[in-house]
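Trainee: My questions will all concern the structure given below.
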Amino acid sequence: MRIDLHTHSTASDGTDSPAELVRAARAVGLDVVALTDHDTTAGWAAAVEALPAGLTLVRGAEISCVAEGGISLHMLAYLFDPAEPEFARARELVRTDRVRRAEAMVERCRELGAPITWARVREIAAGGAVGRPHVATALVEAGVVADVSGAFTAEWLKDGGRAFVPKYEIHAVDAVRLITGAGGVAVFAHPGATKRGRTVSDDTIAELAAAGLAGVEVDHLDHDDAMRVHLRGLAKELRLITTGSSDYHGTRKTINLGEITTDPESYGAIAELATGARPITP
């Protein structure tokens with residue numbers, strides 16, 4: 001089995017629609033794909049409707065969180081009940097504040113001399129959950145930076161950068177409890193992605209495990225070999241599931257769908273733990 005448990009569509013900051021994404025997943029030979037848009041389940045219905053034969057869909061979301069010392073991180077939530085009220089309210093708070101934050105970042109970019117507009121950023125988002133990648137795309141279009149990754153520097157949108165604006169975020173321990181309370185399974189996304197900014201300590205990951213964290217995303221483009229070895233050892237120590245994923249965003253990132261995958265045993269463990277929803281196979 002070929003399994004990719006971390007992808008994004010136009011429901012957040014990917015460039016493929018949910019329907020295009022599931023069709024592309026099958027075309028590249030995936031057997032299982034998870035749709036994990038940022039803080040939203042808006043793409044789920046379209047993905048289910050377009051689900052091709054031979055592909056299993058894992059419905060999920062990538063939740064914005066904050067941990068020790070204000071470090072931002074992302075928590076992958078798999079197979080939760082989207083109607084569970086407490087988690088639904090938390091996701092709505094995060095989504096609403098994403099808009100305020102993105103508009104404030106556009107204004108900061110303009111103050112720094114970048115000729116971008118909020119109207120254009122909204123057009124780029126095309127109804128998806130607006131975020132930094134949409135602002136970054138506007139900066140590329142305006143010729144301010146060469147590519148999207150060039151916008152995620154201290155000069156512009158990186159955490160703590162000149163145009164960075166913090167957003168409302170759930171504490172990571174609370175996010176884990178909300179996910180599990182909705183019958184879902186929590187997996188820490190790219191925990192060692194140092195190129196994105198500060199990362200949390202092993203002690204914090206242990207704290208999250210004690211709160212119900214089920215796994216860590218080990219194999220990821222932003223982890224070098226040494227980090228993968230370290231995280232795999234930590235996961236073994238803490239009895240956490242290990243996953244691997246592309247974190248596919250369409251043309252916004254260079255990695256291909258299914259380029260990094262999850263072991264079938266890990267996927268099976270996630271599916272077995274979930275009580276909020278089940279994987280969908282047409």
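All residue names refer to the structure tokens as shown: chains lettered A, B, ... in order, residues numbered from 1 in each chain, ligands numbered from 1 in order.
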Counting only C-alpha atoms, which residues in range 119-201 of chain A sit no more than 12 Å from range 215-231 of chain A? For each one, give the nearest pair of atoms and the distance in Å, sorted by chain then residue number, as a Markdown table.

Mentor:
| residue | atom | partner | partner_atom | distance |
| --- | --- | --- | --- | --- |
| A:Val176 | CA | A:Gly215 | CA | 10.8 |
| A:Val185 | CA | A:Gly215 | CA | 8.3 |
| A:Ala186 | CA | A:Gly215 | CA | 6.6 |
| A:Val187 | CA | A:Gly215 | CA | 4.4 |
| A:Phe188 | CA | A:Val216 | CA | 4.6 |
| A:Ala189 | CA | A:Glu217 | CA | 5.2 |
| A:His190 | CA | A:Glu217 | CA | 5.5 |
| A:Pro191 | CA | A:Glu217 | CA | 7.1 |
| A:Gly192 | CA | A:His223 | CA | 6.1 |
| A:Ala193 | CA | A:Asp222 | CA | 5.1 |
| A:Thr194 | CA | A:Asp222 | CA | 7.6 |
| A:Lys195 | CA | A:Asp222 | CA | 7.1 |
| A:Arg196 | CA | A:Asp222 | CA | 8.4 |
| A:Gly197 | CA | A:Asp222 | CA | 11.3 |
| A:Thr199 | CA | A:Met227 | CA | 11.8 |
| A:Ser201 | CA | A:Leu231 | CA | 11.2 |

Trainee: My list of candidates is A:Arg2, A:Arg177, A:Arg122, A:Arg91. Which is closest to Thr56 in chain A when distances are computed with only C-alpha atoms?

Mentor: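 Among the listed residues, A:Arg2 lies closest to Thr56 in chain A.
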
Trainee: Fewer than 5 positions away in the same chain doesn't count, so skip those; otherwise give me all residues within 6 Å of Gly14 in chain A, counting only C-alpha atoms, as a count of residues only.

Mentor: 4

Trainee: If I take CA of Phe87 in chain A and CA of Ile179 in chain A, how far is one from the other in Å, to one decimal?

Mentor: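 Interatomic distance, CA of Phe87 in chain A to CA of Ile179 in chain A: 6.8 Å.
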
Trainee: Which one is closest to Asp4 in chain A: A:Val145, A:Val58, A:Ala24, A:Ala34? Count only C-alpha atoms.

Mentor: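 Among A:Val145, A:Val58, A:Ala24, A:Ala34, it is A:Ala34 that comes nearest to Asp4 in chain A.
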